[in-house]
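start-v2.pdb, holding PDB, C-alpha atoms, pLDDT in the B column:
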MODEL        1
ATOM      1  CA  ASN A 948      18.301  25.399  19.493  1.00 47.00           C
ATOM      2  CA  LYS A 949      18.573  24.836  15.729  1.00 46.00           C
ATOM      3  CA  SER A 950      18.926  28.570  15.010  1.00 48.00           C
ATOM      4  CA  LYS A 951      21.916  28.964  17.337  1.00 55.00           C
ATOM      5  CA  CYS A 952      23.738  25.661  16.928  1.00 61.00           C
ATOM      6  CA  ASN A 953      26.036  25.369  13.910  1.00 61.00           C
ATOM      7  CA  LEU A 954      27.744  22.115  14.829  1.00 60.00           C
ATOM      8  CA  LEU A 955      26.699  19.014  16.744  1.00 62.00           C
ATOM      9  CA  ILE A 956      29.354  16.549  17.923  1.00 62.00           C
ATOM     10  CA  THR A 957      28.630  13.557  20.108  1.00 61.00           C
ATOM     11  CA  LYS A 958      30.704  12.436  23.078  1.00 62.00           C
ATOM     12  CA  PRO A 959      33.168  10.908  23.720  1.00 63.00           C
ATOM     13  CA  LEU A 960      34.947  13.684  21.871  1.00 59.00           C
ATOM     14  CA  LYS A 961      37.303  12.688  19.061  1.00 62.00           C
ATOM     15  CA  ILE A 962      39.886  15.348  18.281  1.00 63.00           C
ATOM     16  CA  ASN A 963      40.129  14.403  14.580  1.00 63.00           C
ATOM     17  CA  GLU A 964      36.379  14.698  14.151  1.00 62.00           C
ATOM     18  CA  LEU A 965      36.343  18.039  15.989  1.00 63.00           C
ATOM     19  CA  ILE A 966      39.011  19.482  13.717  1.00 61.00           C
ATOM     20  CA  GLU A 967      37.526  18.036  10.519  1.00 61.00           C
ATOM     21  CA  ARG A 968      34.018  19.323  11.206  1.00 61.00           C
ATOM     22  CA  SER A 969      35.097  22.704  12.587  1.00 63.00           C
ATOM     23  CA  ILE A 970      37.167  23.717   9.543  1.00 60.00           C
ATOM     24  CA  PRO A 971      34.146  24.568   7.363  1.00 61.00           C
ATOM     25  CA  LEU A 972      32.762  26.839  10.100  1.00 58.00           C
ATOM     26  CA  LEU A 973      36.080  28.627  10.583  1.00 62.00           C
ATOM     27  CA  THR A 974      36.996  29.016   6.920  1.00 57.00           C
ATOM     28  CA  GLY A 975      33.582  29.141   5.275  1.00 55.00           C
ATOM     29  CA  GLN A 976      34.682  26.403   2.900  1.00 56.00           C
ATOM     30  CA  HIS A 977      33.328  22.887   2.602  1.00 51.00           C
ATOM     31  CA  GLN A 978      35.952  20.215   3.143  1.00 52.00           C
ATOM     32  CA  PRO A 979      35.771  16.983   1.148  1.00 53.00           C
ATOM     33  CA  ASP A 980      34.287  14.109   3.139  1.00 56.00           C
ATOM     34  CA  LYS A 981      36.867  11.310   3.003  1.00 55.00           C
ATOM     35  CA  LYS A 982      34.310   8.644   3.843  1.00 57.00           C
ATOM     36  CA  GLN A 983      31.959   9.900   1.129  1.00 57.00           C
ATOM     37  CA  ASN A 984      34.813  10.041  -1.385  1.00 59.00           C
ATOM     38  CA  ASN A 985      35.679   6.422  -0.591  1.00 60.00           C
ATOM     39  CA  GLN A 986      32.017   5.446  -0.947  1.00 61.00           C
ATOM     40  CA  ASN A 987      31.788   7.218  -4.304  1.00 74.00           C
ATOM     41  CA  ALA A 988      34.863   5.370  -5.561  1.00 79.00           C
ATOM     42  CA  PHE A 989      33.391   2.061  -4.408  1.00 75.00           C
ATOM     43  CA  GLU A 990      30.083   2.799  -6.149  1.00 81.00           C
ATOM     44  CA  LYS A 991      31.947   3.451  -9.405  1.00 86.00           C
ATOM     45  CA  GLU A 992      33.668   0.085  -9.031  1.00 88.00           C
ATOM     46  CA  VAL A 993      30.307  -1.562  -8.383  1.00 90.00           C
ATOM     47  CA  ALA A 994      28.705   0.153 -11.382  1.00 90.00           C
ATOM     48  CA  ALA A 995      31.521  -1.104 -13.596  1.00 89.00           C
ATOM     49  CA  ARG A 996      30.807  -4.649 -12.404  1.00 90.00           C
ATOM     50  CA  LEU A 997      27.014  -4.704 -12.047  1.00 92.00           C
ATOM     51  CA  GLY A 998      25.710  -2.071 -14.458  1.00 93.00           C
ATOM     52  CA  GLY A 999      23.460  -3.498 -17.173  1.00 92.00           C
ATOM     53  CA  ASN A1000      22.436  -6.604 -15.244  1.00 95.00           C
ATOM     54  CA  ARG A1001      18.767  -7.319 -14.610  1.00 96.00           C
ATOM     55  CA  ILE A1002      17.554  -8.513 -11.214  1.00 98.00           C
ATOM     56  CA  LEU A1003      14.148  -9.809 -10.158  1.00 98.00           C
ATOM     57  CA  ILE A1004      13.307  -8.748  -6.591  1.00 98.00           C
ATOM     58  CA  ALA A1005      10.727 -10.595  -4.490  1.00 98.00           C
ATOM     59  CA  GLU A1006       9.844  -8.562  -1.393  1.00 97.00           C
ATOM     60  CA  ASP A1007       6.453  -7.760   0.150  1.00 96.00           C
ATOM     61  CA  ASN A1008       7.521  -4.791   2.282  1.00 93.00           C
ATOM     62  CA  LEU A1009       7.188  -1.473   0.438  1.00 90.00           C
ATOM     63  CA  ILE A1010      10.055   0.277   2.229  1.00 87.00           C
ATOM     64  CA  ASN A1011      12.420  -2.651   1.674  1.00 91.00           C
ATOM     65  CA  GLN A1012      11.432  -2.606  -1.994  1.00 94.00           C
ATOM     66  CA  GLN A1013      12.290   1.086  -2.255  1.00 90.00           C
ATOM     67  CA  VAL A1014      15.651   0.662  -0.548  1.00 90.00           C
ATOM     68  CA  VAL A1015      16.826  -2.229  -2.715  1.00 94.00           C
ATOM     69  CA  VAL A1016      15.526  -0.790  -5.993  1.00 94.00           C
ATOM     70  CA  GLU A1017      17.162   2.588  -5.402  1.00 89.00           C
ATOM     71  CA  LEU A1018      20.494   1.101  -4.306  1.00 91.00           C
ATOM     72  CA  LEU A1019      20.580  -1.011  -7.466  1.00 94.00           C
ATOM     73  CA  ARG A1020      19.391   1.806  -9.720  1.00 92.00           C
ATOM     74  CA  CYS A1021      22.282   3.948  -8.469  1.00 87.00           C
ATOM     75  CA  VAL A1022      24.772   1.481  -9.976  1.00 91.00           C
ATOM     76  CA  GLY A1023      22.937   0.869 -13.248  1.00 92.00           C
ATOM     77  CA  VAL A1024      21.127  -2.381 -12.397  1.00 95.00           C
ATOM     78  CA  LYS A1025      17.690  -2.882 -13.935  1.00 95.00           C
ATOM     79  CA  THR A1026      15.026  -4.304 -11.622  1.00 97.00           C
ATOM     80  CA  ASP A1027      11.544  -5.761 -11.571  1.00 97.00           C
ATOM     81  CA  VAL A1028       9.690  -6.163  -8.270  1.00 98.00           C
ATOM     82  CA  VAL A1029       7.133  -8.755  -7.164  1.00 98.00           C
ATOM     83  CA  GLU A1030       5.480  -9.281  -3.788  1.00 97.00           C
ATOM     84  CA  ASN A1031       5.625 -13.067  -3.341  1.00 98.00           C
ATOM     85  CA  GLY A1032       7.148 -16.275  -4.612  1.00 98.00           C
ATOM     86  CA  GLN A1033       4.239 -17.132  -6.903  1.00 98.00           C
ATOM     87  CA  GLN A1034       4.610 -13.840  -8.774  1.00 98.00           C
ATOM     88  CA  LEU A1035       8.350 -14.458  -8.900  1.00 98.00           C
ATOM     89  CA  LEU A1036       7.856 -17.771 -10.719  1.00 98.00           C
ATOM     90  CA  GLU A1037       5.369 -16.183 -13.134  1.00 98.00           C
ATOM     91  CA  HIS A1038       7.866 -13.446 -14.034  1.00 98.00           C
ATOM     92  CA  LEU A1039      10.586 -16.011 -14.686  1.00 97.00           C
ATOM     93  CA  LYS A1040       8.342 -17.696 -17.269  1.00 96.00           C
ATOM     94  CA  VAL A1041       8.118 -14.549 -19.409  1.00 96.00           C
ATOM     95  CA  GLY A1042      11.276 -12.595 -18.569  1.00 95.00           C
ATOM     96  CA  THR A1043      15.030 -13.069 -18.562  1.00 95.00           C
ATOM     97  CA  TYR A1044      16.985 -12.196 -15.429  1.00 96.00           C
ATOM     98  CA  ASP A1045      20.603 -12.431 -14.350  1.00 96.00           C
ATOM     99  CA  LEU A1046      19.818 -12.954 -10.653  1.00 98.00           C
ATOM    100  CA  VAL A1047      16.924 -13.338  -8.211  1.00 98.00           C
ATOM    101  CA  LEU A1048      16.947 -11.438  -4.929  1.00 98.00           C
ATOM    102  CA  THR A1049      14.223 -12.785  -2.664  1.00 97.00           C
ATOM    103  CA  ASP A1050      12.841 -12.399   0.825  1.00 96.00           C
ATOM    104  CA  LEU A1051      12.292 -15.662   2.684  1.00 93.00           C
ATOM    105  CA  GLN A1052       8.948 -14.982   4.344  1.00 92.00           C
ATOM    106  CA  MET A1053       6.226 -13.607   2.056  1.00 96.00           C
ATOM    107  CA  PRO A1054       2.473 -14.166   1.683  1.00 96.00           C
ATOM    108  CA  VAL A1055       1.125 -16.774  -0.762  1.00 97.00           C
ATOM    109  CA  MET A1056       4.573 -18.341  -1.318  1.00 97.00           C
ATOM    110  CA  GLY A1057       7.860 -17.666   0.459  1.00 96.00           C
ATOM    111  CA  GLY A1058      11.365 -17.522  -0.932  1.00 96.00           C
ATOM    112  CA  VAL A1059      12.289 -21.024   0.239  1.00 94.00           C
ATOM    113  CA  GLU A1060       9.526 -22.789  -1.700  1.00 97.00           C
ATOM    114  CA  ALA A1061      10.059 -20.545  -4.727  1.00 97.00           C
ATOM    115  CA  THR A1062      13.783 -21.341  -4.808  1.00 97.00           C
ATOM    116  CA  GLN A1063      13.125 -25.082  -4.637  1.00 97.00           C
ATOM    117  CA  ILE A1064      10.880 -24.768  -7.704  1.00 97.00           C
ATOM    118  CA  ILE A1065      13.424 -22.541  -9.497  1.00 98.00           C
ATOM    119  CA  ARG A1066      16.120 -25.169  -9.044  1.00 97.00           C
ATOM    120  CA  GLN A1067      14.008 -27.671 -10.964  1.00 96.00           C
ATOM    121  CA  SER A1068      14.560 -25.547 -14.093  1.00 96.00           C
ATOM    122  CA  TYR A1069      17.688 -23.509 -13.429  1.00 96.00           C
ATOM    123  CA  SER A1070      21.048 -24.644 -12.100  1.00 95.00           C
ATOM    124  CA  PHE A1071      23.099 -22.858  -9.452  1.00 92.00           C
ATOM    125  CA  ASP A1072      25.129 -21.097 -12.166  1.00 93.00           C
ATOM    126  CA  GLN A1073      22.328 -20.451 -14.654  1.00 96.00           C
ATOM    127  CA  LEU A1074      20.293 -18.285 -12.289  1.00 97.00           C
ATOM    128  CA  PRO A1075      21.852 -17.196  -8.990  1.00 97.00           C
ATOM    129  CA  VAL A1076      19.378 -16.752  -6.125  1.00 98.00           C
ATOM    130  CA  VAL A1077      20.312 -14.549  -3.168  1.00 97.00           C
ATOM    131  CA  ALA A1078      18.149 -14.443  -0.046  1.00 96.00           C
ATOM    132  CA  MET A1079      17.229 -11.359   1.942  1.00 94.00           C
ATOM    133  CA  THR A1080      16.571 -12.439   5.491  1.00 88.00           C
ATOM    134  CA  ALA A1081      16.082 -10.859   8.895  1.00 84.00           C
ATOM    135  CA  HIS A1082      17.266 -14.079  10.519  1.00 74.00           C
ATOM    136  CA  VAL A1083      20.862 -14.211  11.717  1.00 68.00           C
ATOM    137  CA  LEU A1084      20.896 -17.775  13.055  1.00 79.00           C
ATOM    138  CA  GLU A1085      23.466 -20.005  11.404  1.00 83.00           C
ATOM    139  CA  SER A1086      20.785 -22.675  10.934  1.00 84.00           C
ATOM    140  CA  GLU A1087      18.741 -20.270   8.806  1.00 83.00           C
ATOM    141  CA  ARG A1088      21.742 -19.433   6.667  1.00 83.00           C
ATOM    142  CA  GLU A1089      22.577 -23.111   6.222  1.00 88.00           C
ATOM    143  CA  GLN A1090      19.002 -23.718   5.092  1.00 87.00           C
ATOM    144  CA  CYS A1091      19.360 -21.060   2.397  1.00 90.00           C
ATOM    145  CA  ILE A1092      22.391 -22.834   0.945  1.00 91.00           C
ATOM    146  CA  ARG A1093      20.886 -26.298   1.357  1.00 93.00           C
ATOM    147  CA  ILE A1094      17.775 -25.522  -0.694  1.00 93.00           C
ATOM    148  CA  GLY A1095      19.815 -24.106  -3.569  1.00 95.00           C
ATOM    149  CA  MET A1096      20.377 -20.442  -2.847  1.00 97.00           C
ATOM    150  CA  ASN A1097      23.747 -19.003  -3.804  1.00 96.00           C
ATOM    151  CA  GLY A1098      24.031 -16.629  -0.861  1.00 94.00           C
ATOM    152  CA  TYR A1099      22.189 -14.256   1.447  1.00 93.00           C
ATOM    153  CA  VAL A1100      22.191 -10.741   2.863  1.00 94.00           C
ATOM    154  CA  THR A1101      20.639  -9.795   6.178  1.00 91.00           C
ATOM    155  CA  LYS A1102      18.044  -7.089   6.739  1.00 89.00           C
ATOM    156  CA  PRO A1103      18.154  -4.202   7.311  1.00 86.00           C
ATOM    157  CA  ILE A1104      20.129  -4.101   4.061  1.00 89.00           C
ATOM    158  CA  ASP A1105      23.671  -2.761   4.233  1.00 89.00           C
ATOM    159  CA  VAL A1106      24.653  -1.245   0.887  1.00 90.00           C
ATOM    160  CA  ASP A1107      28.274  -2.459   0.834  1.00 91.00           C
ATOM    161  CA  THR A1108      27.296  -6.003   1.835  1.00 93.00           C
ATOM    162  CA  LEU A1109      24.589  -6.092  -0.834  1.00 95.00           C
ATOM    163  CA  TYR A1110      26.917  -4.882  -3.587  1.00 95.00           C
ATOM    164  CA  ARG A1111      29.701  -7.312  -2.660  1.00 94.00           C
ATOM    165  CA  GLU A1112      27.336 -10.271  -2.545  1.00 96.00           C
ATOM    166  CA  LEU A1113      25.922  -9.442  -5.969  1.00 96.00           C
ATOM    167  CA  MET A1114      29.391  -8.947  -7.459  1.00 95.00           C
ATOM    168  CA  THR A1115      30.180 -12.496  -6.359  1.00 95.00           C
ATOM    169  CA  TRP A1116      27.498 -13.959  -8.640  1.00 96.00           C
ATOM    170  CA  LEU A1117      26.961 -11.525 -11.516  1.00 94.00           C
ATOM    171  CA  GLU A1118      29.022 -11.126 -14.668  1.00 90.00           C
ATOM    172  CA  PRO A1119      30.267  -7.588 -15.417  1.00 82.00           C
ATOM    173  CA  GLY A1120      28.708  -5.427 -18.086  1.00 64.00           C
ATOM    174  CA  VAL A1121      28.260  -1.663 -18.294  1.00 56.00           C
ATOM    175  CA  PRO A1122      25.746  -0.116 -20.720  1.00 58.00           C
ATOM    176  CA  ASP A1123      26.344   3.357 -22.098  1.00 51.00           C
ATOM    177  CA  GLY A1124      25.525   6.173 -19.720  1.00 55.00           C
ATOM    178  CA  VAL A1125      25.717   4.279 -16.412  1.00 55.00           C
ATOM    179  CA  MET A1126      28.916   5.934 -15.207  1.00 51.00           C
ATOM    180  CA  ASP A1127      27.715   9.380 -16.283  1.00 54.00           C
ATOM    181  CA  ASP A1128      24.437   8.904 -14.403  1.00 56.00           C
ATOM    182  CA  LEU A1129      26.291   7.658 -11.340  1.00 54.00           C
ATOM    183  CA  GLU A1130      28.645  10.629 -11.277  1.00 55.00           C
ATOM    184  CA  LYS A1131      25.741  13.042 -11.717  1.00 51.00           C
ATOM    185  CA  GLY A1132      23.876  11.379  -8.869  1.00 50.00           C
ATOM    186  CA  GLN A1133      26.927  11.580  -6.614  1.00 48.00           C
ATOM    187  CA  ALA A1134      27.378  15.254  -7.492  1.00 50.00           C
ATOM    188  CA  ASP A1135      23.718  15.977  -6.729  1.00 50.00           C
ATOM    189  CA  THR A1136      24.019  14.206  -3.381  1.00 51.00           C
ATOM    190  CA  GLN A1137      27.142  16.183  -2.492  1.00 52.00           C
ATOM    191  CA  GLU A1138      25.460  19.454  -3.476  1.00 52.00           C
ATOM    192  CA  LEU A1139      22.525  18.614  -1.225  1.00 47.00           C
ATOM    193  CA  GLU A1140      24.853  17.929   1.678  1.00 51.00           C
ATOM    194  CA  ASN A1141      26.764  21.154   1.089  1.00 51.00           C
ATOM    195  CA  LYS A1142      23.536  23.143   1.279  1.00 49.00           C
ATOM    196  CA  LYS A1143      21.857  21.478   4.216  1.00 48.00           C
ATOM    197  CA  GLY A1144      24.699  20.104   6.330  1.00 47.00           C
ATOM    198  CA  ASP A1145      24.815  16.884   8.333  1.00 48.00           C
ATOM    199  CA  GLU A1146      23.885  18.618  11.577  1.00 46.00           C
ATOM    200  CA  MET A1147      20.621  19.839  10.063  1.00 44.00           C
ATOM    201  CA  HIS A1148      19.549  16.308   9.196  1.00 50.00           C
ATOM    202  CA  MET A1149      20.578  15.084  12.629  1.00 49.00           C
ATOM    203  CA  SER A1150      18.265  17.595  14.276  1.00 49.00           C
ATOM    204  CA  GLU A1151      15.354  16.936  11.911  1.00 59.00           C
ATOM    205  CA  TYR A1152      15.186  13.243  12.868  1.00 62.00           C
ATOM    206  CA  ALA A1153      15.568  13.356  16.638  1.00 62.00           C
ATOM    207  CA  GLY A1154      15.526   9.884  18.180  1.00 64.00           C
ATOM    208  CA  LEU A1155      16.807   8.117  15.061  1.00 69.00           C
ATOM    209  CA  ASN A1156      20.341   6.848  14.513  1.00 74.00           C
ATOM    210  CA  VAL A1157      20.766   8.877  11.342  1.00 73.00           C
ATOM    211  CA  GLU A1158      24.477   8.219  11.041  1.00 74.00           C
ATOM    212  CA  GLN A1159      23.995   4.446  11.034  1.00 71.00           C
ATOM    213  CA  ALA A1160      21.059   4.642   8.636  1.00 70.00           C
ATOM    214  CA  LEU A1161      23.026   6.733   6.154  1.00 72.00           C
ATOM    215  CA  LYS A1162      25.952   4.346   6.432  1.00 70.00           C
ATOM    216  CA  GLN A1163      23.724   1.428   5.470  1.00 68.00           C
ATOM    217  CA  LEU A1164      22.370   3.436   2.536  1.00 71.00           C
ATOM    218  CA  GLY A1165      25.808   4.389   1.280  1.00 67.00           C
ATOM    219  CA  GLY A1166      25.348   8.017   2.295  1.00 70.00           C
ATOM    220  CA  ASN A1167      22.267   8.420   0.083  1.00 73.00           C
ATOM    221  CA  GLN A1168      20.561  11.286   1.918  1.00 75.00           C
ATOM    222  CA  ALA A1169      17.795  11.671  -0.666  1.00 73.00           C
ATOM    223  CA  LEU A1170      16.821   7.998  -0.299  1.00 72.00           C
ATOM    224  CA  PHE A1171      16.865   8.294   3.495  1.00 72.00           C
ATOM    225  CA  ASP A1172      14.555  11.330   3.387  1.00 77.00           C
ATOM    226  CA  LYS A1173      12.204   9.510   0.991  1.00 75.00           C
ATOM    227  CA  ILE A1174      12.035   6.427   3.247  1.00 74.00           C
ATOM    228  CA  ILE A1175      11.212   8.543   6.299  1.00 75.00           C
ATOM    229  CA  GLU A1176       8.515  10.420   4.391  1.00 76.00           C
ATOM    230  CA  ASP A1177       6.932   7.223   3.043  1.00 73.00           C
ATOM    231  CA  PHE A1178       7.101   5.542   6.456  1.00 71.00           C
ATOM    232  CA  TYR A1179       5.331   8.508   8.015  1.00 69.00           C
ATOM    233  CA  ASN A1180       2.641   8.542   5.334  1.00 74.00           C
ATOM    234  CA  GLN A1181       2.102   4.797   5.602  1.00 69.00           C
ATOM    235  CA  TYR A1182       1.894   4.501   9.391  1.00 69.00           C
ATOM    236  CA  SER A1183       0.707   7.910  10.635  1.00 68.00           C
TER     237      SER A1183
ENDMDL
END

Can the structure from this file be put into structure tokens for me?
Amino acid sequence: NKSKCNLLITKPLKINELIERSIPLLTGQHQPDKKQNNQNAFEKEVAARLGGNRILIAEDNLINQQVVVELLRCVGVKTDVVENGQQLLEHLKVGTYDLVLTDLQMPVMGGVEATQIIRQSYSFDQLPVVAMTAHVLESEREQCIRIGMNGYVTKPIDVDTLYRELMTWLEPGVPDGVMDDLEKGQADTQELENKKGDEMHMSEYAGLNVEQALKQLGGNQALFDKIIEDFYNQYS
């Protein structure tokens, strides 16, 4: 019963988790989330490395587009989004980008064919190309490298993996205001969590692994709520 339950802890019981999550109920004070603090520090490091870069994203799935764009926006990366490889090539003719992040399987033209064409004009170092793929087979990953891609991240996207892969290929550069915006966004997220509480979100999305989803999104509760809302509107 949501009105009677103040705390939800899953079994097997972990004594550290019990103590950490019970303190706010006993004292009336919110305790800093160590995991969130570590994530915030990592995001600041990422923003210092990636902020100001411009990435062209090729992805035909609306929800995947939203996830990637928001995760990059949070660390000051500018993005443009296209839905297939043909549009990707057209954008490269008129725009300047520091990296291409592309899905492999898309309508009209997939990421594999698009990358092969890109490599006729741009070298490995001139324009890094990173694949987003749902395939985990080693043969698929080897194909990405063989056709000229710099690297790959698997879907569903994990925020830490995405950031680390991009930091491997992008030069650092922070425009004015990125760190201030990041800190404000982190503060807003923390304020939201203080008001609503993790257990409230757990109960609102019964049947979903909320903890794992938030982990992959770097604890971005607002983005998670938006994805659920858009998914419901799109498929209901």

Env of A:Glu1037: 12 Å cut, atoms = only C-alpha atoms, seq-sep filter 6 positions within chain, self excluded. Answer as a ChimeraX atom specification. /A:1003,1005,1028-1031,1043,1061,1064-1065

Here's the selection I'm unsure about, the PyMOL selection byres ((chain A and resi 1018) around 9); applied to the file above, which residues does it give, as a ChimeraX atom specification? /A:1013-1017,1019-1022,1024,1106,1109-1110,1164-1165,1167,1170

Pick out the residues sitting within 6 Å of stretch 1078-1088 of chain A, and hand them over as a PyMOL selection string; count only C-alpha atoms, and ignore anything fewer than 4 positions along from it in its own chain. chain A and resi 1048-1050+1099-1102

What does the distance from atom CA of A:Met1056 to atom CA of A:Gln1034 come to in Å, to one decimal? 8.7 Å

Edge lengths and centre in Å, axis-aligned, stretch 1020-1036 of chain A plus 6 Å each side, as lines of an AutoDock Vina configuration file:
center_x = 14.5
center_y = -6.9
center_z = -8.6
size_x = 32.5
size_y = 33.7
size_z = 22.6

Neighbouring residues of A:Met1114 were defined as those with any atom within 12 Å, considering all atoms listed in the file; residues of the same chain fewer than 4 positions away were excluded. Please report them as a list in words. Glu990, Glu992, Val993, Ala994, Ala995, Arg996, Leu997, Gly998, Asn1000, Leu1019, Val1022, Val1024, Asp1045, Leu1046, Pro1075, Val1077, Gly1098, Asp1107, Thr1108, Leu1109, Tyr1110, Glu1118, Pro1119 and Gly1120 of chain A

Go ahead and write the residues just picked, C-alpha atoms, as a PDB file, keeping the file's coordinate frame.
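Resulting contents of again29.pdb:
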ATOM      1  CA  GLU A 990      30.083   2.799  -6.149  1.00 81.00           C
ATOM      2  CA  GLU A 992      33.668   0.085  -9.031  1.00 88.00           C
ATOM      3  CA  VAL A 993      30.307  -1.562  -8.383  1.00 90.00           C
ATOM      4  CA  ALA A 994      28.705   0.153 -11.382  1.00 90.00           C
ATOM      5  CA  ALA A 995      31.521  -1.104 -13.596  1.00 89.00           C
ATOM      6  CA  ARG A 996      30.807  -4.649 -12.404  1.00 90.00           C
ATOM      7  CA  LEU A 997      27.014  -4.704 -12.047  1.00 92.00           C
ATOM      8  CA  GLY A 998      25.710  -2.071 -14.458  1.00 93.00           C
ATOM      9  CA  ASN A1000      22.436  -6.604 -15.244  1.00 95.00           C
ATOM     10  CA  LEU A1019      20.580  -1.011  -7.466  1.00 94.00           C
ATOM     11  CA  VAL A1022      24.772   1.481  -9.976  1.00 91.00           C
ATOM     12  CA  VAL A1024      21.127  -2.381 -12.397  1.00 95.00           C
ATOM     13  CA  ASP A1045      20.603 -12.431 -14.350  1.00 96.00           C
ATOM     14  CA  LEU A1046      19.818 -12.954 -10.653  1.00 98.00           C
ATOM     15  CA  PRO A1075      21.852 -17.196  -8.990  1.00 97.00           C
ATOM     16  CA  VAL A1077      20.312 -14.549  -3.168  1.00 97.00           C
ATOM     17  CA  GLY A1098      24.031 -16.629  -0.861  1.00 94.00           C
ATOM     18  CA  ASP A1107      28.274  -2.459   0.834  1.00 91.00           C
ATOM     19  CA  THR A1108      27.296  -6.003   1.835  1.00 93.00           C
ATOM     20  CA  LEU A1109      24.589  -6.092  -0.834  1.00 95.00           C
ATOM     21  CA  TYR A1110      26.917  -4.882  -3.587  1.00 95.00           C
ATOM     22  CA  GLU A1118      29.022 -11.126 -14.668  1.00 90.00           C
ATOM     23  CA  PRO A1119      30.267  -7.588 -15.417  1.00 82.00           C
ATOM     24  CA  GLY A1120      28.708  -5.427 -18.086  1.00 64.00           C
TER      25      GLY A1120
END

Name all residues at most 12 Å from A:Asp1072 (count all atoms listed in the file; drop same-chain ones fewer than 6 positions away) and give them as a PDB file with C-alpha atoms, in the coordinates of the input.
ATOM      1  CA  ASP A1045      20.603 -12.431 -14.350  1.00 96.00           C
ATOM      2  CA  LEU A1046      19.818 -12.954 -10.653  1.00 98.00           C
ATOM      3  CA  VAL A1047      16.924 -13.338  -8.211  1.00 98.00           C
ATOM      4  CA  ARG A1066      16.120 -25.169  -9.044  1.00 97.00           C
ATOM      5  CA  GLY A1095      19.815 -24.106  -3.569  1.00 95.00           C
ATOM      6  CA  MET A1096      20.377 -20.442  -2.847  1.00 97.00           C
ATOM      7  CA  ASN A1097      23.747 -19.003  -3.804  1.00 96.00           C
ATOM      8  CA  THR A1115      30.180 -12.496  -6.359  1.00 95.00           C
ATOM      9  CA  TRP A1116      27.498 -13.959  -8.640  1.00 96.00           C
ATOM     10  CA  LEU A1117      26.961 -11.525 -11.516  1.00 94.00           C
ATOM     11  CA  GLU A1118      29.022 -11.126 -14.668  1.00 90.00           C
TER      12      GLU A1118
END

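The shortest atom-to-atom distance to A:Leu1113, with only C-alpha atoms taken into account, belongs to A:Arg1001 out of A:Asn1180, A:Asp1172, A:Leu1051, A:Arg1001.
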
I'd like the interatomic distance between atom CA of A:Ile1174 and atom CA of A:Gly1042, to a tenth of an Å. 29.0 Å
